[in-house]
>>> print(open('query14.cif').read())   # mmCIF, C-alpha atoms
data_data
#
loop_
_atom_site.label_atom_id
_atom_site.label_comp_id
_atom_site.auth_asym_id
_atom_site.auth_seq_id
_atom_site.Cartn_x
_atom_site.Cartn_y
_atom_site.Cartn_z
CA MET J 1 -33.19 -87.23 150.58
CA ILE J 2 -29.72 -86.16 149.36
CA PHE J 3 -31.22 -85.20 146.01
CA GLN J 4 -33.94 -83.07 147.62
CA ARG J 5 -31.40 -81.25 149.81
CA ALA J 6 -29.24 -80.53 146.77
CA VAL J 7 -32.25 -79.24 144.81
CA ARG J 8 -33.41 -77.01 147.65
CA ARG J 9 -29.86 -75.68 148.01
CA GLU J 10 -29.76 -74.79 144.32
CA PHE J 11 -33.23 -73.24 144.51
CA ALA J 12 -32.09 -71.11 147.45
CA HIS J 13 -28.88 -69.92 145.77
CA VAL J 14 -30.65 -68.94 142.56
CA ALA J 15 -33.52 -67.26 144.43
CA ALA J 16 -31.08 -65.25 146.56
CA GLY J 17 -29.25 -64.00 143.48
CA ILE J 18 -32.46 -63.07 141.67
CA PHE J 19 -33.93 -61.34 144.72
CA THR J 20 -30.73 -59.33 145.22
CA ALA J 21 -30.80 -58.15 141.61
CA LEU J 22 -34.52 -57.28 141.67
CA PHE J 23 -34.18 -55.54 145.03
CA ALA J 24 -31.27 -53.45 143.76
CA ILE J 25 -33.28 -52.40 140.70
CA MET J 26 -36.28 -51.49 142.86
CA VAL J 27 -34.19 -49.49 145.34
CA THR J 28 -32.48 -47.61 142.51
CA THR J 29 -35.82 -46.77 140.89
CA GLN J 30 -37.36 -45.58 144.14
CA LEU J 31 -34.25 -43.60 145.02
CA ILE J 32 -34.39 -41.75 141.70
CA ARG J 33 -38.07 -40.95 142.26
CA LEU J 34 -37.47 -39.69 145.80
CA LEU J 35 -34.46 -37.61 144.75
CA ASN J 36 -36.64 -36.05 142.08
CA GLU J 37 -39.24 -35.18 144.74
CA ALA J 38 -36.49 -33.74 146.93
CA ALA J 39 -35.23 -31.63 144.02
CA GLN J 40 -38.76 -30.30 143.50
CA GLY J 41 -39.13 -29.53 147.21
CA SER J 42 -41.86 -32.11 147.88
CA VAL J 43 -39.72 -33.85 150.51
CA THR J 44 -36.65 -32.76 152.42
CA PRO J 45 -33.30 -34.39 151.54
CA ASP J 46 -32.90 -35.86 155.02
CA ALA J 47 -36.22 -37.73 154.60
CA VAL J 48 -35.16 -39.65 151.49
CA ALA J 49 -33.54 -42.53 153.41
CA ALA J 50 -36.57 -43.12 155.65
CA LEU J 51 -39.05 -42.99 152.75
CA LEU J 52 -36.81 -45.31 150.73
CA GLY J 53 -36.85 -47.80 153.60
CA PHE J 54 -40.66 -47.75 153.82
CA ALA J 55 -40.97 -48.18 150.04
CA SER J 56 -38.55 -51.13 150.10
CA LEU J 57 -40.59 -52.89 152.79
CA ASN J 58 -43.74 -52.38 150.74
CA TYR J 59 -42.26 -54.05 147.65
CA LEU J 60 -40.72 -57.05 149.42
CA ALA J 61 -43.76 -59.31 148.95
CA PRO J 62 -44.07 -59.09 145.13
CA LEU J 63 -40.28 -59.23 144.72
CA LEU J 64 -40.06 -62.38 146.83
CA SER J 65 -42.92 -63.97 144.89
CA LEU J 66 -41.26 -63.20 141.55
CA SER J 67 -37.90 -64.47 142.81
CA LEU J 68 -39.47 -67.77 143.83
CA PHE J 69 -41.02 -68.29 140.40
CA VAL J 70 -37.90 -67.38 138.43
CA ALA J 71 -35.60 -69.44 140.68
CA ILE J 72 -37.60 -72.64 140.13
CA LEU J 73 -37.89 -71.89 136.43
CA LEU J 74 -34.16 -71.30 135.93
CA THR J 75 -33.09 -74.28 138.03
CA LEU J 76 -35.30 -76.77 136.19
CA SER J 77 -34.40 -75.23 132.81
CA ARG J 78 -30.73 -75.81 133.62
CA SER J 79 -31.55 -79.44 134.38
CA TYR J 80 -33.05 -79.81 130.91
CA ARG J 81 -30.09 -78.09 129.21
CA ASP J 82 -27.56 -80.26 131.09
CA SER J 83 -29.55 -83.42 130.24
CA GLU J 84 -30.17 -84.15 133.93
CA MET J 85 -33.85 -84.50 133.14
CA VAL J 86 -33.02 -87.29 130.71
CA VAL J 87 -31.53 -89.26 133.58
CA TRP J 88 -34.55 -88.31 135.72
CA PHE J 89 -37.05 -89.66 133.21
CA SER J 90 -34.90 -92.70 132.35
CA SER J 91 -34.96 -93.76 135.99
CA GLY J 92 -38.75 -93.99 135.80
CA LEU J 93 -39.56 -90.80 137.70
CA PRO J 94 -42.34 -88.62 136.23
CA LEU J 95 -42.30 -84.86 135.97
CA THR J 96 -44.89 -84.67 138.76
CA ALA J 97 -42.26 -86.00 141.18
CA TRP J 98 -40.85 -82.47 141.21
CA ILE J 99 -43.97 -81.17 142.94
CA ARG J 100 -42.89 -82.31 146.39
CA PRO J 101 -39.38 -80.71 146.47
CA VAL J 102 -40.76 -77.53 144.88
CA LEU J 103 -43.52 -77.24 147.48
CA VAL J 104 -41.11 -77.98 150.34
CA PHE J 105 -38.86 -75.14 149.15
CA ALA J 106 -41.73 -72.76 148.34
CA ALA J 107 -43.72 -73.24 151.57
CA PRO J 108 -41.61 -71.01 153.87
CA LEU J 109 -41.30 -68.34 151.16
CA VAL J 110 -45.06 -68.32 150.62
CA VAL J 111 -45.53 -67.89 154.37
CA MET J 112 -43.10 -64.97 154.26
CA VAL J 113 -45.00 -63.42 151.34
CA ALA J 114 -48.25 -63.78 153.31
CA ALA J 115 -46.73 -62.15 156.40
CA LEU J 116 -45.34 -59.30 154.31
CA SER J 117 -48.60 -58.82 152.43
CA PHE J 118 -50.87 -58.99 155.49
CA PHE J 119 -48.81 -57.10 158.05
CA LEU J 120 -45.53 -55.49 156.99
CA SER J 121 -46.60 -53.80 153.73
CA PRO J 122 -49.66 -52.03 155.26
CA TRP J 123 -47.52 -50.93 158.19
CA ALA J 124 -44.84 -49.56 155.87
CA LEU J 125 -47.43 -47.64 153.83
CA SER J 126 -49.06 -46.17 156.95
CA GLN J 127 -45.68 -45.17 158.36
CA SER J 128 -44.72 -43.57 155.06
CA ALA J 129 -47.96 -41.57 154.98
CA GLU J 130 -47.49 -40.51 158.60
CA TYR J 131 -43.88 -39.53 157.96
CA ARG J 132 -44.87 -37.45 154.94
CA GLY J 133 -47.52 -35.78 157.10
CA LYS J 134 -44.92 -34.91 159.70
CA LEU J 135 -42.66 -33.52 156.98
CA SER J 136 -45.48 -31.27 155.82
CA THR J 137 -46.11 -30.22 159.42
CA ARG J 138 -42.46 -29.39 159.89
CA LYS J 139 -42.53 -27.44 156.65
CA ASP J 140 -45.50 -25.39 157.88
CA ALA J 141 -44.35 -24.93 161.45
CA GLY J 142 -40.59 -25.06 161.18
CA GLU J 143 -38.11 -22.24 161.46
CA ILE J 144 -38.88 -19.29 159.19
CA SER J 145 -36.10 -18.07 156.93
CA PRO J 146 -35.75 -14.29 156.97
CA GLY J 147 -36.16 -12.39 153.73
CA THR J 148 -38.13 -15.11 151.91
CA PHE J 149 -41.83 -15.66 151.25
CA GLN J 150 -42.85 -19.08 152.56
CA GLU J 151 -46.07 -20.75 151.47
CA SER J 152 -47.86 -23.36 153.55
CA SER J 153 -48.33 -26.89 152.17
CA ALA J 154 -52.06 -26.22 151.77
CA GLY J 155 -51.31 -23.10 149.71
CA ASP J 156 -53.62 -20.87 151.76
CA ARG J 157 -50.98 -18.90 153.71
CA VAL J 158 -47.85 -16.92 152.88
CA VAL J 159 -45.47 -15.75 155.64
CA PHE J 160 -42.64 -13.22 155.33
CA VAL J 161 -40.29 -12.00 158.04
CA GLU J 162 -37.65 -9.35 157.68
CA GLY J 163 -35.27 -10.57 160.34
CA VAL J 164 -34.67 -13.01 163.21
CA ALA J 165 -33.33 -12.07 166.64
CA ASP J 166 -29.84 -13.20 167.55
CA ASP J 167 -31.19 -15.67 170.12
CA THR J 168 -33.88 -16.88 167.61
CA SER J 169 -36.57 -16.27 170.26
CA HIS J 170 -38.62 -13.99 167.98
CA VAL J 171 -38.78 -12.48 164.51
CA ARG J 172 -39.14 -8.88 163.43
CA ASN J 173 -41.46 -7.17 160.95
CA VAL J 174 -43.80 -10.03 160.12
CA PHE J 175 -46.20 -10.18 157.15
CA VAL J 176 -48.89 -12.91 156.92
CA SER J 177 -51.35 -13.27 154.04
CA GLU J 178 -54.26 -15.73 154.43
CA ALA J 179 -57.10 -16.74 152.11
CA ARG J 180 -59.95 -18.82 153.50
CA GLU J 181 -63.77 -19.01 153.42
CA GLY J 182 -64.10 -16.21 150.89
CA LEU J 183 -62.08 -13.81 153.03
CA LEU J 184 -58.63 -12.38 152.33
CA GLY J 185 -56.65 -11.33 155.38
CA VAL J 186 -53.35 -9.48 155.56
CA THR J 187 -51.66 -9.25 158.96
CA MET J 188 -48.58 -7.20 159.83
CA ALA J 189 -46.74 -7.08 163.13
CA VAL J 190 -43.63 -5.60 164.66
CA THR J 191 -42.56 -8.88 166.32
CA GLY J 192 -43.72 -12.48 166.48
CA HIS J 193 -42.86 -15.91 167.84
CA GLN J 194 -44.15 -19.48 167.83
CA GLU J 195 -46.11 -21.20 170.60
CA THR J 196 -47.40 -24.76 171.00
CA ALA J 197 -50.79 -25.31 172.62
CA GLN J 198 -51.55 -28.18 174.98
CA ASN J 199 -53.34 -30.13 172.22
CA GLY J 200 -50.23 -29.94 170.03
CA ASP J 201 -51.44 -27.19 167.68
CA ARG J 202 -48.81 -24.63 166.72
CA PHE J 203 -49.47 -20.91 166.55
CA ILE J 204 -47.69 -17.88 165.21
CA VAL J 205 -48.20 -15.23 167.88
CA LEU J 206 -47.89 -11.69 166.52
CA GLN J 207 -47.51 -8.62 168.70
CA GLY J 208 -48.12 -4.94 168.07
CA GLY J 209 -49.61 -4.90 164.60
CA ARG J 210 -52.56 -4.37 162.32
CA ARG J 211 -54.81 -6.71 160.34
CA TYR J 212 -56.73 -5.94 157.14
CA GLU J 213 -59.69 -8.12 156.14
CA LEU J 214 -61.56 -7.79 152.85
CA VAL J 215 -64.01 -9.79 150.76
CA PRO J 216 -62.74 -10.17 147.18
CA GLY J 217 -64.96 -8.42 144.64
CA THR J 218 -66.51 -6.05 147.17
CA ALA J 219 -65.56 -2.74 148.78
CA GLU J 220 -65.96 -4.14 152.29
CA LEU J 221 -62.81 -3.66 154.38
CA ARG J 222 -62.06 -4.07 158.08
CA ILE J 223 -58.98 -2.77 159.85
CA LEU J 224 -58.07 -4.21 163.24
CA GLU J 225 -55.29 -3.06 165.53
CA TYR J 226 -54.11 -5.53 168.13
CA ALA J 227 -51.55 -5.97 170.85
CA ARG J 228 -51.44 -9.80 170.49
CA TYR J 229 -52.79 -11.93 167.66
CA ALA J 230 -52.38 -15.70 167.25
CA VAL J 231 -52.55 -17.41 163.85
CA ARG J 232 -53.06 -21.18 164.06
CA LEU J 233 -51.06 -23.32 161.65
CA GLU J 234 -53.51 -25.73 160.01
CA THR J 235 -51.16 -28.65 159.66
CA LYS J 236 -51.85 -32.17 158.51
CA GLU J 237 -50.87 -33.49 161.90
CA ALA J 238 -53.55 -31.39 163.55
CA ARG J 239 -56.19 -32.50 161.03
CA GLY J 240 -55.06 -36.11 161.13
CA ILE J 241 -53.63 -38.25 158.34
CA LYS J 242 -56.21 -39.50 155.87
CA THR J 243 -56.73 -43.24 156.22
CA THR J 244 -56.94 -45.33 153.04
CA PRO J 245 -57.53 -49.08 152.57
CA LYS J 246 -53.87 -49.56 151.64
CA THR J 247 -52.67 -48.19 154.99
CA LEU J 248 -55.17 -50.08 157.17
CA PRO J 249 -54.07 -53.24 159.02
CA THR J 250 -55.52 -56.44 157.61
CA LEU J 251 -57.61 -57.10 160.72
CA ALA J 252 -59.20 -53.66 160.30
CA LEU J 253 -60.12 -54.48 156.69
CA LEU J 254 -62.05 -57.65 157.51
CA PRO J 255 -65.20 -56.12 159.07
CA VAL J 256 -65.54 -53.31 156.48
CA ASP J 257 -67.90 -54.43 153.70
CA LEU J 258 -67.10 -51.70 151.16
CA PRO J 259 -65.82 -52.30 147.60
CA ALA J 260 -62.53 -50.44 148.04
CA TYR J 261 -61.73 -52.30 151.26
CA ARG J 262 -62.74 -55.67 149.79
CA ALA J 263 -60.51 -55.00 146.77
CA GLU J 264 -57.51 -54.28 149.00
CA LEU J 265 -58.17 -57.47 150.98
CA LEU J 266 -58.39 -59.39 147.69
CA TRP J 267 -54.96 -58.09 146.67
CA ARG J 268 -53.35 -59.07 149.96
CA LEU J 269 -54.83 -62.55 149.78
CA GLY J 270 -53.84 -62.92 146.15
CA LEU J 271 -50.10 -62.36 146.63
CA PRO J 272 -49.29 -65.53 148.66
CA VAL J 273 -51.78 -67.66 146.71
CA SER J 274 -50.34 -66.56 143.37
CA ALA J 275 -46.81 -67.22 144.67
CA ALA J 276 -47.72 -70.85 145.41
CA VAL J 277 -49.54 -71.33 142.10
CA MET J 278 -46.73 -69.82 140.04
CA ALA J 279 -44.18 -72.03 141.82
CA LEU J 280 -46.11 -75.08 140.59
CA LEU J 281 -46.61 -73.66 137.10
CA ALA J 282 -42.85 -73.18 136.82
CA ILE J 283 -42.35 -76.97 136.73
CA PRO J 284 -43.99 -77.67 133.34
CA LEU J 285 -43.03 -74.21 131.98
CA SER J 286 -39.33 -74.90 132.57
CA PHE J 287 -38.98 -77.36 129.68
CA VAL J 288 -36.07 -76.58 127.36
CA ASN J 289 -35.20 -78.45 124.19
CA PRO J 290 -31.38 -78.47 124.07
CA ARG J 291 -31.51 -78.66 120.26
CA ALA J 292 -33.86 -75.68 119.91
CA SER J 293 -33.96 -72.11 121.13
CA ARG J 294 -33.33 -71.75 124.87
CA SER J 295 -35.43 -68.59 125.22
CA ALA J 296 -38.77 -69.96 124.03
CA ASN J 297 -39.76 -71.37 127.42
CA MET J 298 -38.69 -68.14 129.14
CA LEU J 299 -40.91 -66.06 126.89
CA LEU J 300 -43.85 -68.37 127.56
CA ALA J 301 -43.21 -68.31 131.33
CA ILE J 302 -42.96 -64.50 131.37
CA LEU J 303 -46.18 -64.27 129.37
CA VAL J 304 -47.99 -66.54 131.85
CA TYR J 305 -46.68 -64.48 134.78
CA VAL J 306 -47.74 -61.18 133.18
CA ILE J 307 -51.20 -62.52 132.36
CA TYR J 308 -51.61 -63.80 135.93
CA SER J 309 -50.54 -60.46 137.45
CA ASN J 310 -52.77 -58.46 135.11
CA LEU J 311 -55.76 -60.67 135.85
CA LEU J 312 -55.24 -60.09 139.58
CA THR J 313 -55.08 -56.32 138.99
CA ILE J 314 -58.20 -56.39 136.80
CA SER J 315 -60.16 -58.42 139.34
CA GLN J 316 -59.10 -56.01 142.09
CA GLY J 317 -60.28 -53.07 139.99
CA TRP J 318 -63.62 -54.72 139.25
CA VAL J 319 -64.19 -55.50 142.92
CA ALA J 320 -63.32 -51.91 143.84
CA ALA J 321 -65.78 -50.64 141.21
CA GLY J 322 -68.52 -52.98 142.45
CA LYS J 323 -68.66 -54.91 139.14
CA LEU J 324 -67.52 -58.18 140.70
CA SER J 325 -68.25 -59.81 144.03
CA PHE J 326 -65.43 -60.37 146.48
CA THR J 327 -65.86 -64.18 146.49
CA VAL J 328 -65.70 -64.45 142.69
CA GLY J 329 -62.79 -62.03 142.56
CA VAL J 330 -60.78 -64.06 145.06
CA ALA J 331 -61.40 -67.47 143.50
CA ALA J 332 -61.81 -66.91 139.75
CA VAL J 333 -58.27 -65.93 138.74
CA HIS J 334 -56.50 -68.51 140.92
CA LEU J 335 -58.83 -71.33 139.83
CA LEU J 336 -58.28 -70.35 136.20
CA MET J 337 -54.51 -70.57 136.57
CA LEU J 338 -54.76 -73.78 138.59
CA SER J 339 -56.83 -75.32 135.79
CA LEU J 340 -53.84 -74.80 133.48
CA LEU J 341 -51.59 -76.83 135.77
CA PRO J 342 -52.88 -80.35 134.93
CA LEU J 343 -53.09 -79.43 131.24
CA LEU J 344 -49.45 -78.31 131.17
CA PHE J 345 -48.32 -81.40 133.10
CA TYR J 346 -50.31 -83.69 130.81
CA HIS J 347 -48.91 -82.05 127.70
CA ARG J 348 -45.33 -82.27 128.94
CA ILE J 349 -45.66 -85.89 130.12
CA ALA J 350 -47.31 -86.88 126.84
CA VAL J 351 -44.51 -85.26 124.82
CA ASN J 352 -41.84 -86.99 126.91
CA SER J 353 -43.56 -90.37 126.52
CA PHE J 354 -43.84 -89.90 122.77
CA ARG J 355 -40.15 -89.09 122.48
CA ARG J 356 -39.13 -92.17 124.47
CA LEU J 357 -41.34 -94.41 122.31
CA SER J 358 -40.02 -92.89 119.08
CA ARG J 359 -36.51 -93.82 120.10
#
>>> encode(input="query14.cif", output="structure tokens")
Amino acid sequence: MIFQRAVRREFAHVAAGIFTALFAIMVTTQLIRLLNEAAQGSVTPDAVAALLGFASLNYLAPLLSLSLFVAILLTLSRSYRDSEMVVWFSSGLPLTAWIRPVLVFAAPLVVMVAALSFFLSPWALSQSAEYRGKLSTRKDAGEISPGTFQESSAGDRVVFVEGVADDTSHVRNVFVSEAREGLLGVTMAVTGHQETAQNGDRFIVLQGGRRYELVPGTAELRILEYARYAVRLETKEARGIKTTPKTLPTLALLPVDLPAYRAELLWRLGLPVSAAVMALLAIPLSFVNPRASRSANMLLAILVYVIYSNLLTISQGWVAAGKLSFTVGVAAVHLLMLSLLPLLFYHRIAVNSFRRLSR
């Protein structure tokens, strides 16, 4: 009991350090990407923190899974290097006796990975998409800067105002150019202001102006004079945010029998299962020969992890493309990796037995 508490304590300390390092790397990478988008004008600078938070929540599940695997691997490798495993085997305990303390430590983390994968990550992605939609809406319908041409996010409208009243209640000398449905429209007005309809749609209301409508490539031209003319802002919020399988809650994915939705469900199921399998694989992969190179087992463990992750991605892509059934996609990769587990244990136990006999 004392030994298991000490092992779990060491597992926890190593996992916390690894997770902190990986999380810092991920946050730095995402921050650089978001700052680049802000520099290009894709997002506003004040939105970087919120989008960074949503991205961090989305990556928690794979980071926690990787931290679990590396923590077990490093802890057991240290036991080999410090000859603690020699004492372990000399006392008559097999390598398989490590399965219980590893599973006891991994169980709550696997549950956390499942909760993150099933609930928190989809919520973070949906909130990020909604927030980006609101940013685009604010860009379309926000305050207009005088003396500059402002293009809508959809690229179908350009607005120019010469000046803004001192109380910001209206603008003066407005120019609006619109292109839609094969028709080019140019609207000019003496004054204008913004209004919000009851359904939430925003309008630019122009007063005292003239509108020119023409069909490109023809000589057809219409000139309209008006006292009041309202131009609706076609924002993403008004049209609604496009729903994708990644942003749907897990319960909403279950009844949809479409390849893309099945593939997303496969990925969410695969994260906690792979975390548990890799935790067990770390036991035989952690072997280190103190007299030989200490990096050989690390390279092998990293290779196994990369192969496992790539196989999960490939199976998800095949399910999304309809080349593989959902049932086979869910079971095949995990069963393949589980089949390696007894082989690795047998090989390691056989090598240890041979070494003891040779002495």
>>> residues_around(input="query14.cif", residues="J:Tyr305", least_positions_apart="4", cutoff="8 Å", atoms="all atoms listed in the file", output="VMD selection string")
chain J and resid 278 301 309
>>> residues_around(input="query14.cif", residues="stretch 266-272 of chain J", least_positions_apart="5", cutoff="7 Å", atoms="only C-alpha atoms", output="list in words")
Val110, Val113, Ala114, Ser117, Phe118, Gln316 and Val330 of chain J
>>> closest_residue(input="query14.cif", among="J:Ser339, J:Asn58, J:Gln207, J:Gln4", to="J:Gln127", atoms="only C-alpha atoms")
J:Asn58
>>> atom_distance(input="query14.cif", atom1="atom CA of J:Leu125", atom2="atom CA of J:Gly329")
23.9 Å
>>> closest_residue(input="query14.cif", among="J:Glu84, J:Phe69, J:Pro249, J:Ala260", to="J:Leu103", atoms="all atoms listed in the file")
J:Phe69
>>> atom_distance(input="query14.cif", atom1="atom CA of J:Leu52", atom2="atom CA of J:Thr20")
16.2 Å
>>> closest_residue(input="query14.cif", among="J:Arg180, J:Leu251, J:Val161, J:Ala279", to="J:Thr75", atoms="all atoms listed in the file")
J:Ala279
>>> resolve_selection(input="query14.cif", expression="the PyMOL selection byres ((chain J and resi 7) around 10)", output="list in words")
Met1, Ile2, Phe3, Gln4, Arg5, Ala6, Arg8, Arg9, Glu10, Phe11, Ala12, His13, Ile72, Thr75, Leu76, Trp98, Pro101, Val102 and Phe105 of chain J
>>> write_last_selection(input="query14.cif", atoms="C-alpha atoms", output="PDB file, in the coordinates of the input")
ATOM      1  CA  MET J   1     -33.190 -87.230 150.580  1.00  0.00           C
ATOM      2  CA  ILE J   2     -29.720 -86.160 149.360  1.00  0.00           C
ATOM      3  CA  PHE J   3     -31.220 -85.200 146.010  1.00  0.00           C
ATOM      4  CA  GLN J   4     -33.940 -83.070 147.620  1.00  0.00           C
ATOM      5  CA  ARG J   5     -31.400 -81.250 149.810  1.00  0.00           C
ATOM      6  CA  ALA J   6     -29.240 -80.530 146.770  1.00  0.00           C
ATOM      7  CA  ARG J   8     -33.410 -77.010 147.650  1.00  0.00           C
ATOM      8  CA  ARG J   9     -29.860 -75.680 148.010  1.00  0.00           C
ATOM      9  CA  GLU J  10     -29.760 -74.790 144.320  1.00  0.00           C
ATOM     10  CA  PHE J  11     -33.230 -73.240 144.510  1.00  0.00           C
ATOM     11  CA  ALA J  12     -32.090 -71.110 147.450  1.00  0.00           C
ATOM     12  CA  HIS J  13     -28.880 -69.920 145.770  1.00  0.00           C
ATOM     13  CA  ILE J  72     -37.600 -72.640 140.130  1.00  0.00           C
ATOM     14  CA  THR J  75     -33.090 -74.280 138.030  1.00  0.00           C
ATOM     15  CA  LEU J  76     -35.300 -76.770 136.190  1.00  0.00           C
ATOM     16  CA  TRP J  98     -40.850 -82.470 141.210  1.00  0.00           C
ATOM     17  CA  PRO J 101     -39.380 -80.710 146.470  1.00  0.00           C
ATOM     18  CA  VAL J 102     -40.760 -77.530 144.880  1.00  0.00           C
ATOM     19  CA  PHE J 105     -38.860 -75.140 149.150  1.00  0.00           C
TER      20      PHE J 105
END
>>> closest_residue(input="query14.cif", among="J:Ile204, J:Leu340, J:Phe119, J:His170", to="J:Leu265", atoms="only C-alpha atoms")
J:Phe119
>>> resolve_selection(input="query14.cif", expression="the PyMOL selection byres ((chain J and resi 27) around 12)", output="list in words")
Phe19, Thr20, Ala21, Leu22, Phe23, Ala24, Ile25, Met26, Thr28, Thr29, Gln30, Leu31, Ile32, Arg33, Leu34, Leu35, Val48, Ala49, Leu51, Leu52, Gly53, Phe54, Ala55, Ser56, Leu57, Asn58, Tyr59, Leu60 and Leu63 of chain J
>>> atom_distance(input="query14.cif", atom1="atom CA of J:Gly192", atom2="atom CA of J:Thr148")
15.8 Å
>>> resolve_selection(input="query14.cif", expression="the PyMOL selection byres ((chain J and resi 149) around 9)", output="list in words")
Ser145, Pro146, Gly147, Thr148, Gln150, Glu151, Val158, Val159, Phe160 and Val161 of chain J
>>> residues_near_point(input="query14.cif", point="(-61.6, -53.1, 155.3)", cutoff="10 Å", atoms="all atoms listed in the file", output="list in words")
Thr244, Pro245, Lys246, Leu248, Pro249, Thr250, Leu251, Ala252, Leu253, Leu254, Pro255, Val256, Asp257, Leu258, Pro259, Ala260, Tyr261, Arg262, Ala263, Glu264 and Leu265 of chain J
>>> closest_residue(input="query14.cif", among="J:Ala275, J:Leu312, J:Ala47, J:Leu299", to="J:Arg132", atoms="only C-alpha atoms")
J:Ala47
>>> residues_around(input="query14.cif", residues="stretch 182-188 of chain J", least_positions_apart="6", cutoff="10 Å", atoms="only C-alpha atoms", output="list in words")
Asp156, Arg157, Val158, Val159, Phe160, Val161, Asn173, Val174, Phe175, Val176, Leu206, Gln207, Gly208, Gly209, Arg210, Arg211, Tyr212, Glu213, Leu214, Val215, Pro216, Leu221, Arg222, Ile223, Leu224, Glu225, Tyr229 and Val231 of chain J
>>> closest_residue(input="query14.cif", among="J:Phe89, J:Tyr308, J:Trp123, J:Tyr226", to="J:Arg348", atoms="all atoms listed in the file")
J:Phe89
>>> decode(input="query14.cif", residues="stretch 44-61 of chain J", atoms="N, CA and C atoms", output="PDB file, in the first residue's frame")
ATOM      1  N   THR J  44     -10.205  40.854 -34.088  1.00  0.00           N
ATOM      2  CA  THR J  44      -9.824  42.080 -33.397  1.00  0.00           C
ATOM      3  C   THR J  44      -8.872  41.743 -32.248  1.00  0.00           C
ATOM      4  N   PRO J  45      -7.985  42.655 -31.897  1.00  0.00           N
ATOM      5  CA  PRO J  45      -7.020  42.361 -30.812  1.00  0.00           C
ATOM      6  C   PRO J  45      -7.669  42.010 -29.483  1.00  0.00           C
ATOM      7  N   ASP J  46      -8.827  42.613 -29.184  1.00  0.00           N
ATOM      8  CA  ASP J  46      -9.462  42.325 -27.902  1.00  0.00           C
ATOM      9  C   ASP J  46     -10.121  40.953 -27.869  1.00  0.00           C
ATOM     10  N   ALA J  47     -10.181  40.253 -29.019  1.00  0.00           N
ATOM     11  CA  ALA J  47     -10.780  38.919 -29.065  1.00  0.00           C
ATOM     12  C   ALA J  47      -9.749  37.812 -28.922  1.00  0.00           C
ATOM     13  N   VAL J  48      -8.470  38.160 -28.916  1.00  0.00           N
ATOM     14  CA  VAL J  48      -7.416  37.147 -28.882  1.00  0.00           C
ATOM     15  C   VAL J  48      -7.487  36.317 -27.609  1.00  0.00           C
ATOM     16  N   ALA J  49      -7.705  36.950 -26.469  1.00  0.00           N
ATOM     17  CA  ALA J  49      -7.722  36.232 -25.183  1.00  0.00           C
ATOM     18  C   ALA J  49      -8.861  35.215 -25.135  1.00  0.00           C
ATOM     19  N   ALA J  50     -10.059  35.619 -25.582  1.00  0.00           N
ATOM     20  CA  ALA J  50     -11.200  34.704 -25.556  1.00  0.00           C
ATOM     21  C   ALA J  50     -10.981  33.520 -26.493  1.00  0.00           C
ATOM     22  N   LEU J  51     -10.512  33.782 -27.711  1.00  0.00           N
ATOM     23  CA  LEU J  51     -10.267  32.704 -28.665  1.00  0.00           C
ATOM     24  C   LEU J  51      -9.147  31.787 -28.187  1.00  0.00           C
ATOM     25  N   LEU J  52      -8.148  32.358 -27.508  1.00  0.00           N
ATOM     26  CA  LEU J  52      -7.078  31.537 -26.951  1.00  0.00           C
ATOM     27  C   LEU J  52      -7.614  30.615 -25.858  1.00  0.00           C
ATOM     28  N   GLY J  53      -8.546  31.117 -25.053  1.00  0.00           N
ATOM     29  CA  GLY J  53      -9.150  30.278 -24.019  1.00  0.00           C
ATOM     30  C   GLY J  53      -9.942  29.119 -24.608  1.00  0.00           C
ATOM     31  N   PHE J  54     -10.729  29.380 -25.653  1.00  0.00           N
ATOM     32  CA  PHE J  54     -11.495  28.312 -26.296  1.00  0.00           C
ATOM     33  C   PHE J  54     -10.572  27.276 -26.931  1.00  0.00           C
ATOM     34  N   ALA J  55      -9.489  27.735 -27.579  1.00  0.00           N
ATOM     35  CA  ALA J  55      -8.537  26.806 -28.188  1.00  0.00           C
ATOM     36  C   ALA J  55      -7.852  25.948 -27.132  1.00  0.00           C
ATOM     37  N   SER J  56      -7.527  26.534 -25.991  1.00  0.00           N
ATOM     38  CA  SER J  56      -6.875  25.781 -24.917  1.00  0.00           C
ATOM     39  C   SER J  56      -7.790  24.685 -24.386  1.00  0.00           C
ATOM     40  N   LEU J  57      -9.064  24.988 -24.215  1.00  0.00           N
ATOM     41  CA  LEU J  57     -10.012  23.972 -23.749  1.00  0.00           C
ATOM     42  C   LEU J  57     -10.137  22.837 -24.759  1.00  0.00           C
ATOM     43  N   ASN J  58     -10.056  23.161 -26.031  1.00  0.00           N
ATOM     44  CA  ASN J  58     -10.190  22.135 -27.059  1.00  0.00           C
ATOM     45  C   ASN J  58      -9.024  21.155 -27.057  1.00  0.00           C
ATOM     46  N   TYR J  59      -7.828  21.638 -26.705  1.00  0.00           N
ATOM     47  CA  TYR J  59      -6.634  20.792 -26.748  1.00  0.00           C
ATOM     48  C   TYR J  59      -6.336  20.107 -25.418  1.00  0.00           C
ATOM     49  N   LEU J  60      -7.150  20.301 -24.413  1.00  0.00           N
ATOM     50  CA  LEU J  60      -6.860  19.704 -23.112  1.00  0.00           C
ATOM     51  C   LEU J  60      -6.861  18.181 -23.159  1.00  0.00           C
ATOM     52  N   ALA J  61      -7.816  17.588 -23.872  1.00  0.00           N
ATOM     53  CA  ALA J  61      -7.937  16.121 -23.895  1.00  0.00           C
ATOM     54  C   ALA J  61      -6.699  15.446 -24.477  1.00  0.00           C
TER      55      ALA J  61
END
